[in-house]
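To keep things clear, I will list the structure first and then write my remarks on it.
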There are 6 protein chains.
Amino acid sequence: MKEIIRVTRQYRFCAAHRLHTDALPDDVNRKVFGKCNNPNGHGHNYTVFVTVTGEPDAVTGEVTDIEALDRLVTGKIVERFDHRHLNHDPAFRQLVTTGENLARVIWDELVNAVPAGRLDKVGLRETRDNYFEYRDTPPS
Amino acid sequence: MKEIIRVTRQYRFCAAHRLHTDALPDDVNRKVFGKCNNPNGHGHNYTVFVTVTGEPDAVTGEVTDIEALDRLVTGKIVERFDHRHLNHDPAFRQLVTTGENLARVIWDELVNAVPAGRLDKVGLRETRDNYFEYRDTPPS
Amino acid sequence: MKEIIRVTRQYRFCAAHRLHTDALPDDVNRKVFGKCNNPNGHGHNYTVFVTVTGEPDAVTGEVTDIEALDRLVTGKIVERFDHRHLNHDPAFRQLVTTGENLARVIWDELVNAVPAGRLDKVGLRETRDNYFEYRDTPPS
Amino acid sequence: MKEIIRVTRQYRFCAAHRLHTDALPDDVNRKVFGKCNNPNGHGHNYTVFVTVTGEPDAVTGEVTDIEALDRLVTGKIVERFDHRHLNHDPAFRQLVTTGENLARVIWDELVNAVPAGRLDKVGLRETRDNYFEYRDTPPS
Amino acid sequence: MKEIIRVTRQYRFCAAHRLHTDALPDDVNRKVFGKCNNPNGHGHNYTVFVTVTGEPDAVTGEVTDIEALDRLVTGKIVERFDHRHLNHDPAFRQLVTTGENLARVIWDELVNAVPAGRLDKVGLRETRDNYFEYRDTPPS
Amino acid sequence: MKEIIRVTRQYRFCAAHRLHTDALPDDVNRKVFGKCNNPNGHGHNYTVFVTVTGEPDAVTGEVTDIEALDRLVTGKIVERFDHRHLNHDPAFRQLVTTGENLARVIWDELVNAVPAGRLDKVGLRETRDNYFEYRDTPPS
């Protein structure tokens, strides 16, 4: 057996978005995305859950440096998306601003930058009832 | 002593908004509203708390007809604001879309339409940490 | 100006109930109470909020003896209603088991028994979106 | 490495139940199930978490059609159990209405009906402190 | 009738404390405060709710300057108590670190310093089930 | 495919702690642990999530005896840590009281004592934003 320790930190940002793709005609956008396609956009209080896994340091008992993780996620994610309109972000020029895609964009920003340990998953709560999660399967 | 019973129901909508007023120059808007003035807007998961007070009916034991209250608030508030941009709503042509003003707009829509009992207060949670409440003082 | 301190404790019980009164014909019960009148009953995880107000003791800094309050509410409310069917409780022989009536029944049980301070209000959360509150107006 | 995206939606219903099996004598029922075996039943505010996994659609960026998922779960689960007594449901003629069995019943209703993607797990919160989860292991 | 608008902001700090007073012998401390009197102290994640009331500004629609309020509460309360032991704070040299007294200490720090509007109440959540509130009655 | 059922119960305790190790000089402690190294300690409302997995009993429909699990966790974990200072616990004589180490200590206490089923994971919420999880990988 092998121990697995996970540490999860929560972060928050408030943003506007609109589900819409130029690859589809307007009536199909409307049909596929429903009210999320309303023309002037809407918005959410997003919560991001960043999970790091690894061995705790033998001396400090910590898997990762949480202050460094906070600086990373605040700098790369919170300051970029907080009080912004997601559809204006360069990452979403070709991508619809669904929770699935947003979780993936956050993953890509963080996966090679975690201060210690390995990024295990990125969770994203969009509304009280909607939650998205992105992870890679561990290498075999 | 006089009994006071209050019934509170929660409702939810997701909307975009931007704090900005044409009555002030851009740099003052920026200074007063900070990041809430960012040009493309942002958004929130709003929760509305509608509180009705009154005497429970002697037979049914209820202060108000909750199904009728749900129809009222859904029709007048949720369907109007959900998945919309608040700054495009006619109520906010002259008003900044602050939580204070939004709570007041909701109060004005409901105060004379509650099915039974008296509207006691309207609460509005904008983010996890921000809450607004509007009420009239009871007549003396 | 006069200081007001309030202390609120939460308690919980899980119970079944059915909104129904023999004072009305079945079809009116169905119309008034909707699905809450379904024949075999349903149930909730109830949360009770007991608020006591008073002057903190000059030496201990406490408004009331919280351990004594816990014994009171556990003995008189939680053990009586937890994992029970409210319609079988003697208090509801003539009363419909609405949140309004249940909050009042709890108030009546506690109002003269609070260990120190004065009972200020009884709150009752029935579902995530339904909250009831009972209080007396302070004597003038 | 292979990407895994999960989408989780929450649903709610309020129901009564009683833990009891005719396969055991009354005193053993009482001993095994404790207060959950109280004769007139009790109830809960249940929350159901439905998790779907799959590849996001290349154009829409969505793993599944959430409106279709909502119709499915509302029709098959919420309308069936909300404001009902679980012990009267045909699924529980031979099964005790434990959280374990209820999660399994919900899984069986949904597993072959998810609009797109694959059902990954069904979570069920029965009380603030009790949570059940059912999943199949992925095929090897 | 007179409008009342309230704005509530939440703040958080984590602190240790021990309920104990030198004015009472050890065995009475033990009896009065129970496990909260345990010799090495314990701790909580405290949440502070600061409520300000007033007229919204006619142009900005805001009751108070929330950024200024944040600076005030962060400077006077959060930085002072976060990751500290309350019994070592000068305010508690003569006072027991009960929730009642802590709410009062926070009130006294803020009441004359709110940027606009009037301090209406200070709430303090100590544990999931314990909540304290301090307010002055409005002048007559 | 093989069914997996998980049952999770929540438990709570309030405790003080201080992140500090005698294996490092004071200034390094300060640098590594930041404000968590403040000399007089601080504290938290901890929540423990105990997850047990297994086959539901064919007659009772339960994976484990929840009352027995409650007695186990209350006796071994809650009564030991509640209203205590973690740094004074024998388990932390050589270990820093990080969430990682605390989750591991709880795991070790429970792993061979679960009444039925197998301990699957131990979760630990330290603050609103910090969560730790310990599990062993299943034997292959």
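Residues in the structure tokens are named by chain (A, B, ... in the order shown) and by number from 1 within that chain; ligands are numbered from 1 in the order shown.
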
Take chain F, lay it over chain B with a least-squares fit on all the Cα atoms in order, then hand it over as a PDB file with C-alpha atoms, in the first residue's frame.
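Written output follows (superposed01.pdb):
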ATOM      1  CA  MET F   1     -47.120  41.257  24.433  1.00  0.00           C
ATOM      2  CA  LYS F   2     -47.980  40.536  20.834  1.00  0.00           C
ATOM      3  CA  GLU F   3     -46.899  37.486  18.850  1.00  0.00           C
ATOM      4  CA  ILE F   4     -44.785  38.018  15.772  1.00  0.00           C
ATOM      5  CA  ILE F   5     -44.380  35.218  13.251  1.00  0.00           C
ATOM      6  CA  ARG F   6     -42.100  35.570  10.264  1.00  0.00           C
ATOM      7  CA  VAL F   7     -41.788  33.264   7.273  1.00  0.00           C
ATOM      8  CA  THR F   8     -38.735  33.570   5.012  1.00  0.00           C
ATOM      9  CA  ARG F   9     -38.342  31.951   1.590  1.00  0.00           C
ATOM     10  CA  GLN F  10     -35.162  31.921  -0.482  1.00  0.00           C
ATOM     11  CA  TYR F  11     -34.998  32.477  -4.248  1.00  0.00           C
ATOM     12  CA  ARG F  12     -31.999  32.595  -6.582  1.00  0.00           C
ATOM     13  CA  PHE F  13     -30.883  34.173  -9.829  1.00  0.00           C
ATOM     14  CA  CYS F  14     -27.566  34.572 -11.668  1.00  0.00           C
ATOM     15  CA  ALA F  15     -26.923  37.935 -13.256  1.00  0.00           C
ATOM     16  CA  ALA F  16     -24.236  40.242 -14.621  1.00  0.00           C
ATOM     17  CA  HIS F  17     -23.835  43.855 -13.559  1.00  0.00           C
ATOM     18  CA  ARG F  18     -21.413  46.764 -13.516  1.00  0.00           C
ATOM     19  CA  LEU F  19     -21.275  49.560 -10.961  1.00  0.00           C
ATOM     20  CA  HIS F  20     -21.190  52.748 -12.994  1.00  0.00           C
ATOM     21  CA  THR F  21     -23.100  56.009 -13.159  1.00  0.00           C
ATOM     22  CA  ASP F  22     -23.139  58.511 -15.994  1.00  0.00           C
ATOM     23  CA  ALA F  23     -23.543  61.214 -13.334  1.00  0.00           C
ATOM     24  CA  LEU F  24     -19.827  60.929 -12.509  1.00  0.00           C
ATOM     25  CA  PRO F  25     -16.724  61.127 -14.700  1.00  0.00           C
ATOM     26  CA  ASP F  26     -14.967  57.854 -15.520  1.00  0.00           C
ATOM     27  CA  ASP F  27     -12.071  58.354 -13.129  1.00  0.00           C
ATOM     28  CA  VAL F  28     -14.443  59.034 -10.236  1.00  0.00           C
ATOM     29  CA  ASN F  29     -16.479  55.949 -11.141  1.00  0.00           C
ATOM     30  CA  ARG F  30     -13.247  54.001 -11.051  1.00  0.00           C
ATOM     31  CA  LYS F  31     -12.267  55.459  -7.692  1.00  0.00           C
ATOM     32  CA  VAL F  32     -15.678  55.000  -6.053  1.00  0.00           C
ATOM     33  CA  PHE F  33     -16.522  51.540  -7.367  1.00  0.00           C
ATOM     34  CA  GLY F  34     -13.051  50.023  -7.777  1.00  0.00           C
ATOM     35  CA  LYS F  35     -12.954  46.710  -9.655  1.00  0.00           C
ATOM     36  CA  CYS F  36     -16.779  46.648  -9.660  1.00  0.00           C
ATOM     37  CA  ASN F  37     -16.462  49.355 -12.323  1.00  0.00           C
ATOM     38  CA  ASN F  38     -14.398  47.158 -14.697  1.00  0.00           C
ATOM     39  CA  PRO F  39     -15.614  47.950 -18.247  1.00  0.00           C
ATOM     40  CA  ASN F  40     -17.103  44.602 -19.350  1.00  0.00           C
ATOM     41  CA  GLY F  41     -18.991  43.882 -16.133  1.00  0.00           C
ATOM     42  CA  HIS F  42     -18.890  40.828 -13.914  1.00  0.00           C
ATOM     43  CA  GLY F  43     -21.608  38.820 -12.168  1.00  0.00           C
ATOM     44  CA  HIS F  44     -22.966  36.987  -9.162  1.00  0.00           C
ATOM     45  CA  ASN F  45     -25.155  34.177  -7.915  1.00  0.00           C
ATOM     46  CA  TYR F  46     -27.751  36.281  -6.076  1.00  0.00           C
ATOM     47  CA  THR F  47     -29.907  34.877  -3.288  1.00  0.00           C
ATOM     48  CA  VAL F  48     -33.109  36.724  -2.339  1.00  0.00           C
ATOM     49  CA  PHE F  49     -34.698  36.260   1.101  1.00  0.00           C
ATOM     50  CA  VAL F  50     -38.361  37.327   1.194  1.00  0.00           C
ATOM     51  CA  THR F  51     -39.801  37.649   4.699  1.00  0.00           C
ATOM     52  CA  VAL F  52     -43.540  37.879   5.330  1.00  0.00           C
ATOM     53  CA  THR F  53     -45.057  38.518   8.728  1.00  0.00           C
ATOM     54  CA  GLY F  54     -48.594  38.109  10.026  1.00  0.00           C
ATOM     55  CA  GLU F  55     -50.996  35.990  12.027  1.00  0.00           C
ATOM     56  CA  PRO F  56     -51.179  32.300  11.112  1.00  0.00           C
ATOM     57  CA  ASP F  57     -54.620  31.354   9.803  1.00  0.00           C
ATOM     58  CA  ALA F  58     -56.573  29.737  12.631  1.00  0.00           C
ATOM     59  CA  VAL F  59     -57.447  26.669  10.547  1.00  0.00           C
ATOM     60  CA  THR F  60     -54.457  26.108   8.265  1.00  0.00           C
ATOM     61  CA  GLY F  61     -51.747  27.376  10.608  1.00  0.00           C
ATOM     62  CA  GLU F  62     -50.078  29.299   7.783  1.00  0.00           C
ATOM     63  CA  VAL F  63     -49.145  32.979   7.608  1.00  0.00           C
ATOM     64  CA  THR F  64     -49.202  33.105   3.830  1.00  0.00           C
ATOM     65  CA  ASP F  65     -49.787  30.884   0.800  1.00  0.00           C
ATOM     66  CA  ILE F  66     -46.244  29.801  -0.037  1.00  0.00           C
ATOM     67  CA  GLU F  67     -47.128  28.464  -3.473  1.00  0.00           C
ATOM     68  CA  ALA F  68     -48.694  31.827  -4.339  1.00  0.00           C
ATOM     69  CA  LEU F  69     -45.643  33.625  -2.935  1.00  0.00           C
ATOM     70  CA  ASP F  70     -43.416  31.425  -5.088  1.00  0.00           C
ATOM     71  CA  ARG F  71     -45.433  32.274  -8.205  1.00  0.00           C
ATOM     72  CA  LEU F  72     -45.234  35.987  -7.334  1.00  0.00           C
ATOM     73  CA  VAL F  73     -41.479  36.115  -6.733  1.00  0.00           C
ATOM     74  CA  THR F  74     -40.672  33.795  -9.621  1.00  0.00           C
ATOM     75  CA  GLY F  75     -42.779  35.858 -11.995  1.00  0.00           C
ATOM     76  CA  LYS F  76     -41.765  39.332 -10.873  1.00  0.00           C
ATOM     77  CA  ILE F  77     -38.155  38.832  -9.773  1.00  0.00           C
ATOM     78  CA  VAL F  78     -36.502  35.566 -10.807  1.00  0.00           C
ATOM     79  CA  GLU F  79     -37.686  35.448 -14.422  1.00  0.00           C
ATOM     80  CA  ARG F  80     -36.890  39.118 -14.821  1.00  0.00           C
ATOM     81  CA  PHE F  81     -33.312  39.045 -13.519  1.00  0.00           C
ATOM     82  CA  ASP F  82     -32.131  35.452 -13.957  1.00  0.00           C
ATOM     83  CA  HIS F  83     -29.417  35.096 -16.601  1.00  0.00           C
ATOM     84  CA  ARG F  84     -29.716  38.802 -17.422  1.00  0.00           C
ATOM     85  CA  HIS F  85     -27.467  41.859 -17.230  1.00  0.00           C
ATOM     86  CA  LEU F  86     -28.923  44.099 -14.518  1.00  0.00           C
ATOM     87  CA  ASN F  87     -27.691  47.318 -16.135  1.00  0.00           C
ATOM     88  CA  HIS F  88     -30.020  46.619 -19.083  1.00  0.00           C
ATOM     89  CA  ASP F  89     -33.106  46.432 -16.843  1.00  0.00           C
ATOM     90  CA  PRO F  90     -35.384  49.514 -17.036  1.00  0.00           C
ATOM     91  CA  ALA F  91     -35.283  49.914 -13.234  1.00  0.00           C
ATOM     92  CA  PHE F  92     -31.587  50.721 -13.439  1.00  0.00           C
ATOM     93  CA  ARG F  93     -31.665  53.353 -16.126  1.00  0.00           C
ATOM     94  CA  GLN F  94     -31.038  56.020 -13.474  1.00  0.00           C
ATOM     95  CA  LEU F  95     -29.898  53.808 -10.623  1.00  0.00           C
ATOM     96  CA  VAL F  96     -26.542  52.139 -10.031  1.00  0.00           C
ATOM     97  CA  THR F  97     -26.936  48.354  -9.702  1.00  0.00           C
ATOM     98  CA  THR F  98     -25.684  48.232  -6.110  1.00  0.00           C
ATOM     99  CA  GLY F  99     -27.046  45.648  -3.708  1.00  0.00           C
ATOM    100  CA  GLU F 100     -28.756  48.474  -1.829  1.00  0.00           C
ATOM    101  CA  ASN F 101     -30.668  49.593  -4.910  1.00  0.00           C
ATOM    102  CA  LEU F 102     -31.449  46.062  -6.065  1.00  0.00           C
ATOM    103  CA  ALA F 103     -32.925  45.156  -2.665  1.00  0.00           C
ATOM    104  CA  ARG F 104     -35.070  48.282  -2.884  1.00  0.00           C
ATOM    105  CA  VAL F 105     -36.270  47.464  -6.414  1.00  0.00           C
ATOM    106  CA  ILE F 106     -37.281  43.970  -5.276  1.00  0.00           C
ATOM    107  CA  TRP F 107     -39.069  45.420  -2.234  1.00  0.00           C
ATOM    108  CA  ASP F 108     -41.060  47.808  -4.410  1.00  0.00           C
ATOM    109  CA  GLU F 109     -42.158  44.983  -6.713  1.00  0.00           C
ATOM    110  CA  LEU F 110     -43.395  42.811  -3.861  1.00  0.00           C
ATOM    111  CA  VAL F 111     -44.642  45.110  -1.106  1.00  0.00           C
ATOM    112  CA  ASN F 112     -48.210  45.428  -2.372  1.00  0.00           C
ATOM    113  CA  ALA F 113     -48.501  41.987  -3.927  1.00  0.00           C
ATOM    114  CA  VAL F 114     -47.830  39.530  -1.091  1.00  0.00           C
ATOM    115  CA  PRO F 115     -50.713  36.985  -1.079  1.00  0.00           C
ATOM    116  CA  ALA F 116     -51.349  37.191   2.709  1.00  0.00           C
ATOM    117  CA  GLY F 117     -49.537  38.835   5.581  1.00  0.00           C
ATOM    118  CA  ARG F 118     -47.262  41.846   5.258  1.00  0.00           C
ATOM    119  CA  LEU F 119     -43.864  42.094   3.567  1.00  0.00           C
ATOM    120  CA  ASP F 120     -41.404  42.487   6.442  1.00  0.00           C
ATOM    121  CA  LYS F 121     -38.015  42.638   4.747  1.00  0.00           C
ATOM    122  CA  VAL F 122     -36.104  41.730   1.609  1.00  0.00           C
ATOM    123  CA  GLY F 123     -32.597  40.307   2.016  1.00  0.00           C
ATOM    124  CA  LEU F 124     -30.112  39.978  -0.815  1.00  0.00           C
ATOM    125  CA  ARG F 125     -26.882  38.001  -0.708  1.00  0.00           C
ATOM    126  CA  GLU F 126     -24.550  39.074  -3.497  1.00  0.00           C
ATOM    127  CA  THR F 127     -21.415  37.144  -2.573  1.00  0.00           C
ATOM    128  CA  ARG F 128     -20.452  34.855   0.263  1.00  0.00           C
ATOM    129  CA  ASP F 129     -19.424  37.910   2.271  1.00  0.00           C
ATOM    130  CA  ASN F 130     -21.898  40.631   1.128  1.00  0.00           C
ATOM    131  CA  TYR F 131     -25.487  40.879   2.326  1.00  0.00           C
ATOM    132  CA  PHE F 132     -28.029  43.696   1.919  1.00  0.00           C
ATOM    133  CA  GLU F 133     -31.374  44.144   3.630  1.00  0.00           C
ATOM    134  CA  TYR F 134     -34.264  46.486   2.994  1.00  0.00           C
ATOM    135  CA  ARG F 135     -37.260  47.077   5.227  1.00  0.00           C
ATOM    136  CA  ASP F 136     -39.688  49.777   6.165  1.00  0.00           C
ATOM    137  CA  THR F 137     -40.101  50.633   9.779  1.00  0.00           C
ATOM    138  CA  PRO F 138     -43.491  49.552  11.041  1.00  0.00           C
ATOM    139  CA  PRO F 139     -45.997  52.406  11.268  1.00  0.00           C
ATOM    140  CA  SER F 140     -46.200  53.805  14.800  1.00  0.00           C
TER     141      SER F 140
END

**Message:** Could you pull out the strand (DSSP E or B) residues of range 5-120 of chain A, going by DSSP on the backbone, and write them as a PyMOL selection string?
**Reply:** chain A and resi 5-17+42-54+84-85+118-120

Q) What residues in chain B get the DSSP label alpha helix (DSSP H)? Please answer as number ranges by chain. A) B: 26-33, 66-73, 79-81, 99-110
